$ cat coords.txt   # compact mmCIF, C-alpha atoms and all ligand atoms
# COMPACT_ATOMS: atom_id res chain seq x y z
CA MET A 63 -63.37 26.69 -4.39
CA ARG A 64 -62.96 22.92 -4.46
CA PHE A 65 -61.00 23.22 -7.70
CA ILE A 66 -58.63 25.84 -6.20
CA CYS A 67 -58.04 23.65 -3.12
CA LYS A 68 -57.21 20.72 -5.40
CA VAL A 69 -54.74 22.84 -7.43
CA VAL A 70 -53.04 24.14 -4.25
CA PHE A 71 -52.87 20.59 -2.85
CA PHE A 72 -51.19 19.20 -5.98
CA MET A 73 -48.80 22.16 -6.19
CA LEU A 74 -47.75 21.56 -2.59
CA LEU A 75 -47.37 17.84 -3.24
CA GLY A 76 -45.34 18.55 -6.38
CA SER A 77 -42.96 20.87 -4.57
CA MET A 78 -42.58 18.35 -1.70
CA VAL A 79 -41.65 15.65 -4.21
CA ALA A 80 -39.32 18.05 -6.05
CA PHE A 81 -37.53 19.00 -2.83
CA ALA A 82 -37.53 15.57 -1.18
CA LYS A 83 -33.92 14.76 -0.45
CA PRO A 84 -32.65 11.41 -1.74
CA THR A 85 -31.45 8.88 0.81
CA ILE A 86 -27.82 7.97 0.31
CA TYR A 87 -26.18 5.25 2.37
CA ILE A 88 -22.47 5.53 3.01
CA LEU A 89 -21.02 2.07 3.59
CA ALA A 90 -17.54 2.41 5.06
CA THR A 91 -14.90 -0.28 4.66
CA GLY A 92 -11.70 1.56 5.69
CA GLY A 93 -8.70 2.78 3.72
CA THR A 94 -6.73 6.01 3.69
CA ILE A 95 -9.91 8.10 3.57
CA ALA A 96 -10.48 6.70 7.07
CA GLY A 97 -6.79 6.78 7.96
CA SER A 98 -4.88 9.03 10.32
CA GLY A 99 -1.24 9.85 10.99
CA SER A 100 0.56 11.71 13.74
CA GLY A 101 0.90 15.03 11.91
CA VAL A 102 -0.30 17.04 8.89
CA LEU A 103 2.95 16.34 7.00
CA ASP A 104 3.42 12.78 8.22
CA SER A 105 3.65 10.34 5.31
CA SER A 106 3.27 7.35 7.65
CA TYR A 107 -0.26 6.65 8.86
CA THR A 108 -2.65 3.82 9.62
CA SER A 109 -5.58 2.99 7.32
CA GLY A 110 -9.05 2.37 8.71
CA THR A 111 -8.87 4.22 12.05
CA VAL A 112 -11.64 6.79 11.51
CA THR A 113 -15.26 5.61 11.79
CA VAL A 114 -18.06 6.32 9.30
CA ASP A 115 -19.71 8.89 11.64
CA LYS A 116 -16.52 10.94 11.71
CA LEU A 117 -16.16 10.69 7.92
CA ILE A 118 -19.69 12.07 7.52
CA ALA A 119 -19.17 14.75 10.18
CA ALA A 120 -16.09 16.00 8.28
CA VAL A 121 -18.28 16.92 5.29
CA PRO A 122 -21.41 18.63 6.74
CA GLU A 123 -22.37 19.85 3.23
CA ILE A 124 -23.59 16.37 2.26
CA ASN A 125 -26.37 16.53 4.88
CA LYS A 126 -27.80 19.58 3.14
CA ILE A 127 -28.24 17.79 -0.18
CA ALA A 128 -29.20 14.28 0.92
CA THR A 129 -30.46 12.24 3.85
CA ILE A 130 -27.23 10.53 4.76
CA LYS A 131 -27.07 7.24 6.63
CA GLY A 132 -23.79 5.61 7.56
CA GLU A 133 -22.89 1.98 8.15
CA GLN A 134 -19.55 0.47 9.07
CA ILE A 135 -19.01 -2.72 7.03
CA SER A 136 -15.34 -3.11 7.99
CA ASN A 137 -12.47 -0.80 8.90
CA ILE A 138 -9.41 -2.18 7.17
CA GLY A 139 -6.68 -1.17 4.77
CA SER A 140 -7.87 -2.49 1.44
CA GLN A 141 -4.80 -4.72 1.13
CA GLU A 142 -6.71 -6.77 3.74
CA MET A 143 -9.84 -6.95 1.58
CA ASN A 144 -11.24 -10.48 1.38
CA ASN A 145 -14.11 -12.62 0.10
CA GLU A 146 -16.07 -12.38 3.36
CA VAL A 147 -16.23 -8.58 3.22
CA TRP A 148 -17.06 -8.71 -0.51
CA LEU A 149 -20.00 -11.07 0.05
CA LYS A 150 -21.24 -9.03 3.03
CA LEU A 151 -20.96 -5.79 1.04
CA ALA A 152 -22.70 -7.20 -2.03
CA LYS A 153 -25.61 -8.55 0.01
CA ARG A 154 -26.05 -5.29 1.91
CA VAL A 155 -25.94 -3.18 -1.28
CA ASN A 156 -28.59 -5.39 -2.92
CA GLU A 157 -30.75 -5.27 0.21
CA LEU A 158 -30.60 -1.47 0.54
CA LEU A 159 -31.24 -0.76 -3.12
CA ASN A 160 -33.93 -3.35 -3.75
CA SER A 161 -35.90 -2.65 -0.55
CA GLY A 162 -36.14 1.00 -1.61
CA LYS A 163 -34.35 2.15 1.56
CA ALA A 164 -31.56 3.76 -0.47
CA ASP A 165 -31.67 5.86 -3.62
CA GLY A 166 -27.95 5.46 -4.07
CA ILE A 167 -24.91 4.07 -2.28
CA VAL A 168 -21.45 5.43 -1.62
CA ILE A 169 -18.78 2.97 -0.52
CA THR A 170 -15.64 4.34 1.11
CA HIS A 171 -12.71 2.03 0.46
CA GLY A 172 -8.92 1.89 0.41
CA THR A 173 -7.48 2.65 -2.99
CA ASP A 174 -5.15 -0.38 -3.23
CA THR A 175 -7.89 -2.85 -4.15
CA MET A 176 -10.77 -0.48 -4.89
CA GLU A 177 -10.80 -1.57 -8.53
CA GLU A 178 -11.30 -5.24 -7.58
CA THR A 179 -14.18 -4.53 -5.18
CA ALA A 180 -15.71 -2.17 -7.74
CA TYR A 181 -15.64 -4.80 -10.49
CA PHE A 182 -16.89 -7.53 -8.15
CA LEU A 183 -19.90 -5.37 -7.17
CA ASP A 184 -20.42 -4.34 -10.81
CA LEU A 185 -20.92 -8.04 -11.59
CA VAL A 186 -23.19 -8.94 -8.66
CA VAL A 187 -25.28 -5.90 -7.70
CA LYS A 188 -28.81 -6.38 -9.00
CA SER A 189 -29.98 -2.79 -9.34
CA ASP A 190 -29.66 0.09 -11.79
CA LYS A 191 -29.38 2.60 -8.95
CA PRO A 192 -26.04 4.38 -8.46
CA VAL A 193 -23.26 2.65 -6.54
CA VAL A 194 -20.23 4.89 -6.14
CA MET A 195 -16.86 3.92 -4.71
CA VAL A 196 -14.60 6.56 -3.23
CA GLY A 197 -11.36 6.84 -1.30
CA ALA A 198 -8.47 9.17 -0.73
CA MET A 199 -4.77 9.22 -1.36
CA ARG A 200 -4.02 11.52 1.60
CA ASN A 201 -5.12 10.49 5.09
CA SER A 202 -7.79 12.46 6.95
CA GLY A 203 -5.29 14.34 9.14
CA SER A 204 -2.99 15.32 6.30
CA LEU A 205 -2.47 18.78 4.80
CA SER A 206 -4.78 19.05 1.74
CA ALA A 207 -6.52 15.76 2.50
CA ASP A 208 -8.45 14.79 -0.63
CA GLY A 209 -11.05 12.63 1.18
CA PRO A 210 -13.64 15.32 2.09
CA LEU A 211 -14.08 16.72 -1.45
CA ASN A 212 -13.94 13.20 -2.92
CA LEU A 213 -16.75 12.19 -0.52
CA PHE A 214 -18.82 15.28 -1.34
CA ASN A 215 -18.42 14.53 -5.05
CA ALA A 216 -19.26 10.84 -4.55
CA VAL A 217 -22.54 11.72 -2.80
CA ASN A 218 -23.42 14.00 -5.71
CA VAL A 219 -22.64 11.22 -8.20
CA ALA A 220 -24.78 8.80 -6.15
CA MET A 221 -27.67 11.33 -6.24
CA SER A 222 -27.43 12.01 -9.96
CA LYS A 223 -30.15 10.62 -12.23
CA ASP A 224 -27.44 10.38 -14.89
CA SER A 225 -25.64 7.75 -12.80
CA VAL A 226 -28.60 5.34 -13.10
CA GLY A 227 -27.69 2.34 -15.26
CA LYS A 228 -23.95 3.11 -15.40
CA GLY A 229 -23.01 0.21 -13.10
CA VAL A 230 -20.58 0.67 -10.23
CA VAL A 231 -18.37 3.72 -10.66
CA VAL A 232 -15.24 5.02 -8.94
CA THR A 233 -15.15 8.74 -8.15
CA MET A 234 -11.76 10.19 -7.25
CA ASN A 235 -9.92 13.42 -8.07
CA ASP A 236 -12.94 14.99 -9.88
CA GLU A 237 -13.23 12.04 -12.29
CA ILE A 238 -15.79 9.26 -12.74
CA HIS A 239 -14.52 5.87 -13.94
CA ALA A 240 -16.37 2.66 -14.82
CA ALA A 241 -15.66 -0.30 -12.53
CA ARG A 242 -14.53 -2.59 -15.36
CA GLU A 243 -12.03 -0.10 -16.71
CA VAL A 244 -10.51 1.70 -13.75
CA THR A 245 -7.14 0.87 -12.22
CA LYS A 246 -4.70 2.38 -9.74
CA THR A 247 -1.68 3.59 -11.69
CA ASN A 248 0.42 5.52 -9.18
CA THR A 249 1.40 4.55 -5.64
CA THR A 250 1.00 8.03 -4.11
CA GLY A 251 -0.44 10.57 -6.59
CA VAL A 252 -3.99 11.92 -6.16
CA ASP A 253 -4.53 11.39 -9.91
CA THR A 254 -3.77 7.69 -9.56
CA PHE A 255 -7.03 6.31 -11.02
CA LYS A 256 -7.09 5.89 -14.80
CA SER A 257 -9.00 3.78 -17.29
CA PRO A 258 -6.21 2.84 -19.74
CA ASN A 259 -8.38 1.06 -22.33
CA ALA A 260 -11.35 3.41 -22.37
CA GLY A 261 -10.77 6.69 -20.52
CA LYS A 262 -12.91 8.19 -17.79
CA ILE A 263 -16.68 8.20 -18.35
CA GLY A 264 -17.42 11.48 -16.61
CA THR A 265 -16.34 14.30 -14.36
CA VAL A 266 -17.59 15.71 -11.07
CA PHE A 267 -16.47 19.22 -10.26
CA TYR A 268 -17.55 20.52 -6.82
CA GLY A 269 -20.59 18.28 -7.09
CA ASN A 270 -21.44 19.11 -10.71
CA VAL A 271 -21.81 15.71 -12.40
CA LYS A 272 -21.28 15.27 -16.14
CA TYR A 273 -21.11 12.02 -18.09
CA TYR A 274 -19.53 11.61 -21.52
CA MET A 275 -19.68 7.83 -22.01
CA THR A 276 -21.68 4.76 -20.95
CA PRO A 277 -20.07 1.38 -20.16
CA ALA A 278 -20.94 -1.10 -22.92
CA ARG A 279 -20.20 -4.44 -21.21
CA LYS A 280 -22.75 -6.38 -19.13
CA HIS A 281 -22.99 -5.28 -15.52
CA THR A 282 -25.41 -5.15 -12.57
CA THR A 283 -28.93 -6.05 -13.79
CA LYS A 284 -27.60 -7.55 -17.05
CA SER A 285 -24.74 -9.50 -15.46
CA ALA A 286 -24.87 -13.31 -15.59
CA PHE A 287 -23.94 -13.66 -11.90
CA ASP A 288 -26.31 -14.11 -8.99
CA ILE A 289 -24.68 -13.60 -5.62
CA GLU A 290 -27.68 -15.15 -3.83
CA LYS A 291 -26.64 -18.50 -5.32
CA ILE A 292 -22.93 -18.11 -4.47
CA LYS A 293 -21.94 -19.24 -0.99
CA GLU A 294 -18.18 -19.10 -1.47
CA LEU A 295 -15.68 -18.05 -4.10
CA PRO A 296 -13.18 -20.59 -5.43
CA ARG A 297 -9.41 -20.07 -5.21
CA VAL A 298 -7.95 -18.33 -8.25
CA ASP A 299 -4.27 -17.36 -8.25
CA ILE A 300 -2.45 -14.77 -10.33
CA ILE A 301 1.01 -15.79 -11.48
CA PHE A 302 3.40 -13.15 -12.76
CA SER A 303 5.72 -13.95 -15.69
CA HIS A 304 9.23 -12.58 -16.22
CA SER A 305 12.52 -13.24 -18.00
CA ASN A 306 14.36 -16.37 -16.90
CA ASP A 307 11.13 -17.58 -15.22
CA ASN A 308 10.43 -21.06 -13.83
CA PRO A 309 7.29 -23.20 -13.39
CA ASP A 310 7.48 -23.49 -9.59
CA PHE A 311 4.68 -21.10 -8.59
CA ILE A 312 2.34 -22.61 -11.19
CA ASN A 313 2.96 -26.12 -9.88
CA LEU A 314 2.53 -24.90 -6.30
CA ALA A 315 -0.79 -23.20 -7.12
CA VAL A 316 -2.10 -26.43 -8.64
CA ALA A 317 -0.81 -28.54 -5.72
CA ASN A 318 -2.48 -26.16 -3.25
CA GLY A 319 -5.89 -26.47 -4.88
CA ALA A 320 -6.24 -23.47 -7.17
CA LYS A 321 -9.30 -23.92 -9.36
CA GLY A 322 -8.17 -21.21 -11.72
CA ILE A 323 -4.94 -19.45 -12.69
CA VAL A 324 -4.66 -16.04 -14.32
CA ASN A 325 -1.24 -15.64 -15.90
CA ALA A 326 0.20 -12.13 -16.03
CA GLY A 327 2.16 -13.00 -19.15
CA MET A 328 4.79 -10.88 -20.89
CA GLY A 329 3.54 -8.58 -23.68
CA ASN A 330 0.51 -10.14 -25.36
CA GLY A 331 0.26 -12.69 -22.53
CA ASN A 332 3.37 -14.75 -23.27
CA PRO A 333 4.71 -17.08 -20.55
CA PHE A 334 8.33 -18.29 -20.31
CA PRO A 335 8.63 -21.70 -22.11
CA SER A 336 8.83 -23.87 -18.97
CA ALA A 337 5.95 -21.89 -17.40
CA LEU A 338 3.92 -22.37 -20.59
CA GLU A 339 4.29 -26.14 -20.33
CA ALA A 340 3.36 -26.07 -16.63
CA LEU A 341 0.23 -24.06 -17.44
CA GLY A 342 -0.64 -26.69 -20.07
CA GLU A 343 -0.22 -29.42 -17.43
CA ALA A 344 -2.47 -27.44 -15.06
CA VAL A 345 -5.23 -27.44 -17.70
CA LYS A 346 -4.90 -31.25 -18.00
CA LYS A 347 -5.50 -31.46 -14.22
CA GLY A 348 -8.77 -29.49 -14.58
CA VAL A 349 -7.52 -26.01 -13.64
CA VAL A 350 -8.97 -23.20 -15.77
CA VAL A 351 -6.07 -21.11 -17.07
CA VAL A 352 -6.71 -17.60 -18.36
CA ARG A 353 -3.92 -15.96 -20.30
CA ASP A 354 -3.61 -12.25 -19.52
CA SER A 355 -0.85 -9.67 -19.64
CA ARG A 356 1.35 -7.92 -17.10
CA VAL A 357 1.30 -4.83 -19.37
CA GLY A 358 -1.95 -3.44 -17.90
CA SER A 359 -3.69 -2.34 -21.07
CA GLY A 360 -4.68 -3.81 -24.41
CA GLU A 361 -6.24 -7.13 -25.37
CA THR A 362 -4.56 -10.49 -24.81
CA THR A 363 -5.42 -12.03 -28.15
CA MET A 364 -6.56 -15.64 -28.55
CA ASN A 365 -4.00 -17.80 -30.41
CA GLY A 366 -1.57 -14.87 -30.77
CA GLU A 367 1.95 -16.22 -30.12
CA VAL A 368 0.54 -18.99 -27.93
CA ASP A 369 -1.54 -21.85 -29.33
CA ASP A 370 -4.45 -21.48 -26.90
CA THR A 371 -6.52 -24.06 -28.75
CA LYS A 372 -3.80 -26.70 -28.30
CA TYR A 373 -3.17 -25.91 -24.61
CA GLY A 374 -6.83 -25.34 -23.70
CA PHE A 375 -6.25 -21.81 -22.38
CA LEU A 376 -8.83 -19.04 -22.21
CA THR A 377 -7.93 -15.35 -22.71
CA SER A 378 -8.98 -12.30 -20.72
CA ASP A 379 -9.95 -9.90 -23.52
CA ASN A 380 -8.57 -6.60 -22.15
CA LEU A 381 -9.20 -7.06 -18.42
CA ASN A 382 -6.17 -6.50 -16.23
CA VAL A 383 -5.07 -9.52 -14.19
CA GLN A 384 -6.66 -8.47 -10.91
CA LYS A 385 -10.03 -8.02 -12.62
CA ALA A 386 -9.67 -11.20 -14.67
CA ARG A 387 -9.24 -12.97 -11.32
CA VAL A 388 -12.52 -11.47 -10.02
CA LEU A 389 -14.40 -12.54 -13.14
CA LEU A 390 -12.87 -16.02 -13.13
CA MET A 391 -13.83 -16.56 -9.47
CA LEU A 392 -17.45 -15.63 -10.17
CA ALA A 393 -17.44 -17.68 -13.37
CA LEU A 394 -16.09 -20.78 -11.60
CA ALA A 395 -18.63 -20.34 -8.82
CA THR A 396 -21.30 -20.51 -11.52
CA THR A 397 -20.11 -23.07 -14.09
CA ASN A 398 -17.26 -25.39 -15.16
CA ASP A 399 -18.08 -24.98 -18.86
CA LYS A 400 -14.96 -23.40 -20.40
CA ALA A 401 -16.78 -22.14 -23.50
CA LYS A 402 -19.26 -20.37 -21.24
CA ILE A 403 -16.43 -18.90 -19.13
CA GLN A 404 -14.70 -17.59 -22.28
CA GLU A 405 -18.02 -16.04 -23.28
CA PHE A 406 -18.18 -14.22 -19.91
CA PHE A 407 -14.76 -12.69 -20.67
CA LEU A 408 -16.04 -11.43 -24.01
CA THR A 409 -19.28 -9.96 -22.70
CA HIS A 410 -18.71 -8.69 -19.13
N1 LIG A 501 -3.23 0.54 1.73
C1 LIG A 501 -4.28 1.46 1.98
C2 LIG A 501 -5.61 0.96 1.47
O1 LIG A 501 -5.77 0.56 0.36
C3 LIG A 501 -3.91 2.77 1.52
C4 LIG A 501 -4.35 3.15 0.17
C5 LIG A 501 -5.46 4.13 0.20
O2 LIG A 501 -6.52 3.96 0.75
O3 LIG A 501 -5.22 5.15 -0.44
O4 LIG A 501 -6.54 0.96 2.23

$ encode --input "coords.txt" --output "structure tokens" --more "lines below"
Ligand code: GLU
Amino acid sequence: MRFICKVVFFMLLGSMVAFAKPTIYILATGGTIAGSGSGVLDSSYTSGTVTVDKLIAAVPEINKIATIKGEQISNIGSQEMNNEVWLKLAKRVNELLNSGKADGIVITHGTDTMEETAYFLDLVVKSDKPVVMVGAMRNSGSLSADGPLNLFNAVNVAMSKDSVGKGVVVTMNDEIHAAREVTKTNTTGVDTFKSPNAGKIGTVFYGNVKYYMTPARKHTTKSAFDIEKIKELPRVDIIFSHSNDNPDFINLAVANGAKGIVNAGMGNGNPFPSALEALGEAVKKGVVVVRDSRVGSGETTMNGEVDDTKYGFLTSDNLNVQKARVLLMLALATTNDKAKIQEFFLTH
């Protein structure tokens, strides 16, 4: 009798564990997914007008598969994204994941700078649990708004055991992309997010999550960066190169206190001659200059057409300029050792 009771007890316990819903926090920051316009065919709208409760209420299906909790971190268009929101977001994600309150996190975000926030979090979140960023290209009141299905898919990705250890991912348009690789490639299309150097790492089709690749670079628990030790992020400017360029913006960046400059050079990271000399002068004044490319894919190779050793430049490997800026800010908040900073670019 006692034995039978024990068996029944453990079977009940087992099924409770098996059916226990994971707790997923949705941290809302704004963007088109939380945007509204005046009509279903209105292409003009305002980002960040819909609150997290309304976002959740629009997709009741997610409450059936997970215990959903919502928090409003900010409600802005992501062109307004800034260091304060980044630091707040990173601290909250770490708190929720490491206290055991959350099994996974979904962050709703505007698409303009989603890739920068994703990579920032990828470098500073100290947990293997899933962190999934999601947005929409069509506002919530639009015909065929893509936000609700994107959100449903993102919750499924955040619940998936297969997402553990993948770092921060971006889930949009049925695809899963790694934070380091993903970039916005089209101003209006729903298939805007691509990973030009590596391709998507997985798919999510009506909640069915499948991975095909694992990010190889250091992220989250293996990243060198500790956000608890970083109180503020130093100024790093991106300077775009073009034909018939001049050194003015470089000189201005240095005069205004930039600690680092990422140059979006032509081709394999080539600046215009006068800009090249100004970048060299910036290095002499203690500014860390990272040569990168305006092309958007491929490696910027050390000592290619530019003598990096002579000028004291670093190179970005194959990070795009907006992500090289994120990495350089975190690197400069951690060390002034240029060899170490170059190493970060080759490993993260
Ligand atoms: N500028 C807006 C933002 O990034 C719109 C882009 C979007 O969310 O799709 O928040």

$ closest_residue --input "coords.txt" --among "A:Lys83, A:Lys150, A:His171, A:Lys188" --to "Leu117 (chain A)" --atoms "all atoms listed in the file"
A:His171

$ residues_around --input "coords.txt" --residues "Val383 (chain A)" --least-positions-apart "3" --cutoff "8 Å" --atoms "all atoms listed in the file" --output "compact mmCIF listing (two decimals) with C-alpha atoms, keeping the file's coordinate frame"
# COMPACT_ATOMS: atom_id res chain seq x y z
CA ILE A 300 -2.45 -14.77 -10.33
CA VAL A 324 -4.66 -16.04 -14.32
CA ASN A 325 -1.24 -15.64 -15.90
CA ALA A 326 0.20 -12.13 -16.03
CA ASP A 354 -3.61 -12.25 -19.52
CA SER A 355 -0.85 -9.67 -19.64
CA ARG A 356 1.35 -7.92 -17.10
CA GLY A 358 -1.95 -3.44 -17.90
CA ALA A 386 -9.67 -11.20 -14.67
CA ARG A 387 -9.24 -12.97 -11.32

$ axis_aligned_box --input "coords.txt" --around "ligand LIG 501 (chain A)" --padding-each-side "5 Å" --output "lines of an AutoDock Vina configuration file"
center_x = -4.9
center_y = 2.8
center_z = 0.9
size_x = 13.3
size_y = 14.6
size_z = 12.7

$ closest_atom_pairs --input "coords.txt" --of "chain A" --to "ligand LIG 501 (chain A)" --cutoff "10 Å" --atoms "only C-alpha atoms and all ligand atoms" --output "tab-separated table"
residue	atom	partner	partner_atom	distance
A:Thr91	CA	A:LIG501	O4	8.8
A:Gly92	CA	A:LIG501	O4	6.2
A:Gly93	CA	A:LIG501	O4	3.2
A:Thr94	CA	A:LIG501	O2	3.6
A:Ile95	CA	A:LIG501	O2	6.0
A:Ala96	CA	A:LIG501	O2	7.9
A:Gly97	CA	A:LIG501	O2	7.7
A:Tyr107	CA	A:LIG501	C3	9.1
A:Thr108	CA	A:LIG501	C1	8.2
A:Ser109	CA	A:LIG501	O4	5.6
A:Gly110	CA	A:LIG501	O4	7.1
A:Asn137	CA	A:LIG501	O4	9.1
A:Ile138	CA	A:LIG501	O4	6.5
A:Gly139	CA	A:LIG501	O4	3.3
A:Ser140	CA	A:LIG501	O4	3.8
A:Gln141	CA	A:LIG501	O1	5.4
A:Glu142	CA	A:LIG501	O4	7.9
A:Met143	CA	A:LIG501	O4	8.6
A:Thr170	CA	A:LIG501	O2	9.1
A:His171	CA	A:LIG501	O2	6.5
A:Gly172	CA	A:LIG501	O4	3.1
A:Thr173	CA	A:LIG501	C5	4.1
A:Asp174	CA	A:LIG501	O1	3.8
A:Thr175	CA	A:LIG501	O1	6.0
A:Met176	CA	A:LIG501	O1	7.3
A:Val196	CA	A:LIG501	O2	9.4
A:Gly197	CA	A:LIG501	O2	6.0
A:Ala198	CA	A:LIG501	O3	5.2
A:Met199	CA	A:LIG501	O3	4.2
A:Arg200	CA	A:LIG501	O3	6.8
A:Asn201	CA	A:LIG501	O3	7.7
A:Gly209	CA	A:LIG501	O3	9.6
A:Lys246	CA	A:LIG501	O3	9.7
A:Thr249	CA	A:LIG501	C4	8.3
A:Thr250	CA	A:LIG501	O3	7.8
A:Gly251	CA	A:LIG501	O3	9.5
A:Val252	CA	A:LIG501	O3	8.9
A:Thr254	CA	A:LIG501	O3	9.6

$ closest_atom_pairs --input "coords.txt" --of "region 165-214 of chain A" --to "region 268-279 of chain A" --cutoff "10 Å" --atoms "all atoms listed in the file" --output "CSV"
residue,atom,partner,partner_atom,distance
A:Leu211,CA,A:Tyr268,CA,7.4
A:Asn212,CA,A:Tyr268,CA,9.0
A:Leu213,CA,A:Gly269,CA,9.7
A:Phe214,CA,A:Gly269,CA,6.7

$ atom_distance --input "coords.txt" --atom1 "CA of Gly348 (chain A)" --atom2 "CA of Leu295 (chain A)"
17.0 Å

$ closest_residue --input "coords.txt" --among "A:Val349, A:Ala90, A:Pro84, A:Ala120" --to "Ser222 (chain A)" --atoms "all atoms listed in the file"
A:Pro84

$ closest_residue --input "coords.txt" --among "A:Ile403, A:Met391, A:Val217, A:Leu103" --to "Phe375 (chain A)" --atoms "only C-alpha atoms"
A:Ile403

$ residues_around --input "coords.txt" --residues "Phe407 (chain A)" --least-positions-apart "6" --cutoff "9 Å" --atoms "all atoms listed in the file" --output "VMD selection string"
chain A and resid 376 to 381 386 389 to 390

$ atom_distance --input "coords.txt" --atom1 "CA of His281 (chain A)" --atom2 "CA of Leu185 (chain A)"
5.2 Å

$ residues_around --input "coords.txt" --residues "Val316 (chain A)" --least-positions-apart "6" --cutoff "12 Å" --atoms "only C-alpha atoms" --output "PyMOL selection string"
chain A and resi 297-301+309-310+322-323+340-351

$ write_last_selection --input "coords.txt" --atoms "C-alpha atoms" --output "PDB file, keeping the file's coordinate frame"
ATOM      1  CA  ARG A 297      -9.410 -20.070  -5.210  1.00  0.00           C
ATOM      2  CA  VAL A 298      -7.950 -18.330  -8.250  1.00  0.00           C
ATOM      3  CA  ASP A 299      -4.270 -17.360  -8.250  1.00  0.00           C
ATOM      4  CA  ILE A 300      -2.450 -14.770 -10.330  1.00  0.00           C
ATOM      5  CA  ILE A 301       1.010 -15.790 -11.480  1.00  0.00           C
ATOM      6  CA  PRO A 309       7.290 -23.200 -13.390  1.00  0.00           C
ATOM      7  CA  ASP A 310       7.480 -23.490  -9.590  1.00  0.00           C
ATOM      8  CA  GLY A 322      -8.170 -21.210 -11.720  1.00  0.00           C
ATOM      9  CA  ILE A 323      -4.940 -19.450 -12.690  1.00  0.00           C
ATOM     10  CA  ALA A 340       3.360 -26.070 -16.630  1.00  0.00           C
ATOM     11  CA  LEU A 341       0.230 -24.060 -17.440  1.00  0.00           C
ATOM     12  CA  GLY A 342      -0.640 -26.690 -20.070  1.00  0.00           C
ATOM     13  CA  GLU A 343      -0.220 -29.420 -17.430  1.00  0.00           C
ATOM     14  CA  ALA A 344      -2.470 -27.440 -15.060  1.00  0.00           C
ATOM     15  CA  VAL A 345      -5.230 -27.440 -17.700  1.00  0.00           C
ATOM     16  CA  LYS A 346      -4.900 -31.250 -18.000  1.00  0.00           C
ATOM     17  CA  LYS A 347      -5.500 -31.460 -14.220  1.00  0.00           C
ATOM     18  CA  GLY A 348      -8.770 -29.490 -14.580  1.00  0.00           C
ATOM     19  CA  VAL A 349      -7.520 -26.010 -13.640  1.00  0.00           C
ATOM     20  CA  VAL A 350      -8.970 -23.200 -15.770  1.00  0.00           C
ATOM     21  CA  VAL A 351      -6.070 -21.110 -17.070  1.00  0.00           C
TER      22      VAL A 351
END

$ atom_distance --input "coords.txt" --atom1 "CA of Thr396 (chain A)" --atom2 "CA of Asp370 (chain A)"
22.8 Å

$ closest_residue --input "coords.txt" --among "A:Asn156, A:Gly366, A:Asn215, A:Val194" --to "Ile127 (chain A)" --atoms "only C-alpha atoms"
A:Asn215
